[in-house]
Amino acid sequence: MAWIALNGLAALVIRVDKGIVRTMRKIVLAVDPSPVSLDALRWATKQLCNKDDELHLISVLDSGGVATDLVGESAPDSNPDCKPDPMALLRTQDLLRSCKDEAEAAGLHNVKMTTLVSCVGGSADMGRHITEFAAGEHADMLVLGSRGMGAWRRLMGSLVGLGSVSDFVTKHATTNVVVHKRAAQQ
């Protein structure tokens with residue numbers, strides 16, 4: 001096995017293993033407790049990620065109108081006025097640990113977890129946190145699940161200031177975005 005670093009506008013690390021060239025990627029995967037989000041995790045860890053990819057599992061927690069940006073492994077407490085509900089934070093961190101265990105069981109070795117805290121709330125603010133995190137990490141790809149609201153519900157929600165997180169992310173992300181839709185139940 002040989003490791004080759006290429007320098008250009010973005011540094012790429014390529015692994016050459018038994019004649020196969022693989023680019024190591026940084027992938028951000030937004031998760032929540034919904035079935036479609038957990039399905040996106042399973043799909044990504046089995047179909048998308050290579051074992052050497054760096055996978056960032058993130059979850060956005062609504063603080064109920066109190067403001068901070070990050071709570072997690074590398075997150076500074078940037079605004080002492082924004083504090084999430086402690087029980088909600090514990091549930092979110094348990095979810096992330098469970099998702100990390102699942103990713104590691106699928107063969108991924110470099111999995112990180114971060115909880116983002118939304119002070120404003122709503123899909124636009126959650127989407128903003130997700131896209132800013134991916135940009136700040138210089139992610140190669142951003143993955144999230146789609147609940148499949150449909151055009152009519154999305155239109156009606158947009159009239160009252162609600163909308164789809166995945167819509168916001170696809171419109172505002174500076175990296176490649178994969179919106180995973182859950183397979184139709186048979």
# chains A, B, ... in the order shown; residues from 1 in each chain; ligands from 1
>>> residues_around(residues="stretch 100-114 of chain A", least_positions_apart="3", cutoff="10 Å", atoms="only C-alpha atoms", output="ChimeraX atom specification")
/A:26-30,41-42,44-46,49-60,70-75,92-97,117,133
>>> residues_around(residues="A:Ala40", least_positions_apart="6", cutoff="12 Å", atoms="only C-alpha atoms", output="PyMOL selection string")
chain A and resi 28-34+46-49+57+99+103+142-147+178-183
>>> write_last_selection(atoms="N, CA and C atoms", output="PDB file, in the first residue's frame")
ATOM      1  N   VAL A  28     -19.815  14.473   5.518  1.00  0.00           N
ATOM      2  CA  VAL A  28     -20.650  14.921   6.633  1.00  0.00           C
ATOM      3  C   VAL A  28     -22.020  14.285   6.443  1.00  0.00           C
ATOM      4  N   LEU A  29     -22.509  13.611   7.481  1.00  0.00           N
ATOM      5  CA  LEU A  29     -23.808  12.955   7.443  1.00  0.00           C
ATOM      6  C   LEU A  29     -24.665  13.503   8.575  1.00  0.00           C
ATOM      7  N   ALA A  30     -25.738  14.210   8.206  1.00  0.00           N
ATOM      8  CA  ALA A  30     -26.651  14.775   9.192  1.00  0.00           C
ATOM      9  C   ALA A  30     -27.659  13.707   9.599  1.00  0.00           C
ATOM     10  N   VAL A  31     -27.793  13.483  10.915  1.00  0.00           N
ATOM     11  CA  VAL A  31     -28.711  12.453  11.403  1.00  0.00           C
ATOM     12  C   VAL A  31     -29.674  13.024  12.430  1.00  0.00           C
ATOM     13  N   ASP A  32     -30.833  12.404  12.490  1.00  0.00           N
ATOM     14  CA  ASP A  32     -31.814  12.661  13.543  1.00  0.00           C
ATOM     15  C   ASP A  32     -32.498  11.315  13.805  1.00  0.00           C
ATOM     16  N   PRO A  33     -33.418  11.239  14.761  1.00  0.00           N
ATOM     17  CA  PRO A  33     -34.003   9.926  15.082  1.00  0.00           C
ATOM     18  C   PRO A  33     -35.029   9.398  14.070  1.00  0.00           C
ATOM     19  N   SER A  34     -35.313  10.131  13.010  1.00  0.00           N
ATOM     20  CA  SER A  34     -36.339   9.699  12.063  1.00  0.00           C
ATOM     21  C   SER A  34     -35.893   8.443  11.301  1.00  0.00           C
ATOM     22  N   LYS A  46     -22.921   1.583   4.014  1.00  0.00           N
ATOM     23  CA  LYS A  46     -22.774   0.345   3.243  1.00  0.00           C
ATOM     24  C   LYS A  46     -22.510   0.587   1.760  1.00  0.00           C
ATOM     25  N   GLN A  47     -23.057   1.680   1.204  1.00  0.00           N
ATOM     26  CA  GLN A  47     -22.986   1.888  -0.234  1.00  0.00           C
ATOM     27  C   GLN A  47     -22.088   3.042  -0.674  1.00  0.00           C
ATOM     28  N   LEU A  48     -21.877   4.013   0.192  1.00  0.00           N
ATOM     29  CA  LEU A  48     -21.190   5.235  -0.218  1.00  0.00           C
ATOM     30  C   LEU A  48     -19.778   5.348   0.347  1.00  0.00           C
ATOM     31  N   CYS A  49     -19.640   5.122   1.634  1.00  0.00           N
ATOM     32  CA  CYS A  49     -18.363   5.370   2.319  1.00  0.00           C
ATOM     33  C   CYS A  49     -17.363   4.249   2.093  1.00  0.00           C
ATOM     34  N   LEU A  57     -20.523  12.608  11.771  1.00  0.00           N
ATOM     35  CA  LEU A  57     -21.940  12.491  12.089  1.00  0.00           C
ATOM     36  C   LEU A  57     -22.341  13.736  12.849  1.00  0.00           C
ATOM     37  N   CYS A  99     -25.227   5.839  16.226  1.00  0.00           N
ATOM     38  CA  CYS A  99     -24.891   5.954  14.802  1.00  0.00           C
ATOM     39  C   CYS A  99     -23.409   5.689  14.569  1.00  0.00           C
ATOM     40  N   ALA A 103     -21.748   2.819  12.222  1.00  0.00           N
ATOM     41  CA  ALA A 103     -20.765   3.121  11.175  1.00  0.00           C
ATOM     42  C   ALA A 103     -19.484   2.305  11.377  1.00  0.00           C
ATOM     43  N   LEU A 142     -21.896  16.014   1.498  1.00  0.00           N
ATOM     44  CA  LEU A 142     -22.846  16.191   2.586  1.00  0.00           C
ATOM     45  C   LEU A 142     -24.032  15.281   2.297  1.00  0.00           C
ATOM     46  N   VAL A 143     -24.390  14.438   3.268  1.00  0.00           N
ATOM     47  CA  VAL A 143     -25.467  13.465   3.080  1.00  0.00           C
ATOM     48  C   VAL A 143     -26.540  13.712   4.133  1.00  0.00           C
ATOM     49  N   LEU A 144     -27.804  13.685   3.705  1.00  0.00           N
ATOM     50  CA  LEU A 144     -28.905  13.758   4.647  1.00  0.00           C
ATOM     51  C   LEU A 144     -30.104  13.053   4.051  1.00  0.00           C
ATOM     52  N   GLY A 145     -31.030  12.684   4.921  1.00  0.00           N
ATOM     53  CA  GLY A 145     -32.232  12.004   4.478  1.00  0.00           C
ATOM     54  C   GLY A 145     -33.312  13.001   4.093  1.00  0.00           C
ATOM     55  N   SER A 146     -34.248  12.543   3.281  1.00  0.00           N
ATOM     56  CA  SER A 146     -35.387  13.362   2.887  1.00  0.00           C
ATOM     57  C   SER A 146     -36.654  12.706   3.406  1.00  0.00           C
ATOM     58  N   ARG A 147     -37.457  13.471   4.118  1.00  0.00           N
ATOM     59  CA  ARG A 147     -38.711  12.929   4.632  1.00  0.00           C
ATOM     60  C   ARG A 147     -39.775  12.868   3.552  1.00  0.00           C
ATOM     61  N   VAL A 178     -25.906  14.812  -1.179  1.00  0.00           N
ATOM     62  CA  VAL A 178     -26.695  13.633  -1.495  1.00  0.00           C
ATOM     63  C   VAL A 178     -27.900  13.650  -0.563  1.00  0.00           C
ATOM     64  N   VAL A 179     -29.096  13.706  -1.154  1.00  0.00           N
ATOM     65  CA  VAL A 179     -30.329  13.621  -0.375  1.00  0.00           C
ATOM     66  C   VAL A 179     -30.868  12.212  -0.589  1.00  0.00           C
ATOM     67  N   HIS A 180     -30.811  11.432   0.476  1.00  0.00           N
ATOM     68  CA  HIS A 180     -31.222  10.020   0.389  1.00  0.00           C
ATOM     69  C   HIS A 180     -32.713   9.904   0.673  1.00  0.00           C
ATOM     70  N   LYS A 181     -33.418   9.232  -0.227  1.00  0.00           N
ATOM     71  CA  LYS A 181     -34.835   8.966  -0.021  1.00  0.00           C
ATOM     72  C   LYS A 181     -34.992   7.505   0.359  1.00  0.00           C
ATOM     73  N   ARG A 182     -35.819   7.267   1.332  1.00  0.00           N
ATOM     74  CA  ARG A 182     -36.051   5.916   1.801  1.00  0.00           C
ATOM     75  C   ARG A 182     -36.788   5.141   0.710  1.00  0.00           C
ATOM     76  N   ALA A 183     -36.375   3.886   0.524  1.00  0.00           N
ATOM     77  CA  ALA A 183     -37.017   3.054  -0.480  1.00  0.00           C
ATOM     78  C   ALA A 183     -38.486   2.858  -0.121  1.00  0.00           C
TER      79      ALA A 183
END
>>> closest_residue(among="A:Ala135, A:Leu89, A:Leu38, A:Val165", to="A:Ser63", atoms="only C-alpha atoms")
A:Leu89
>>> residues_around(residues="A:Met141", least_positions_apart="4", cutoff="6 Å", atoms="only C-alpha atoms", output="number ranges by chain")
A: 27, 175-177
>>> closest_residue(among="A:Ser37, A:Ser98, A:Lys171, A:Leu61", to="A:Thr131", atoms="only C-alpha atoms")
A:Lys171
>>> atom_distance(atom1="atom CA of A:Glu132", atom2="atom CA of A:Thr170")
12.6 Å
>>> atom_distance(atom1="atom CA of A:Ile130", atom2="atom CA of A:Thr174")
11.1 Å
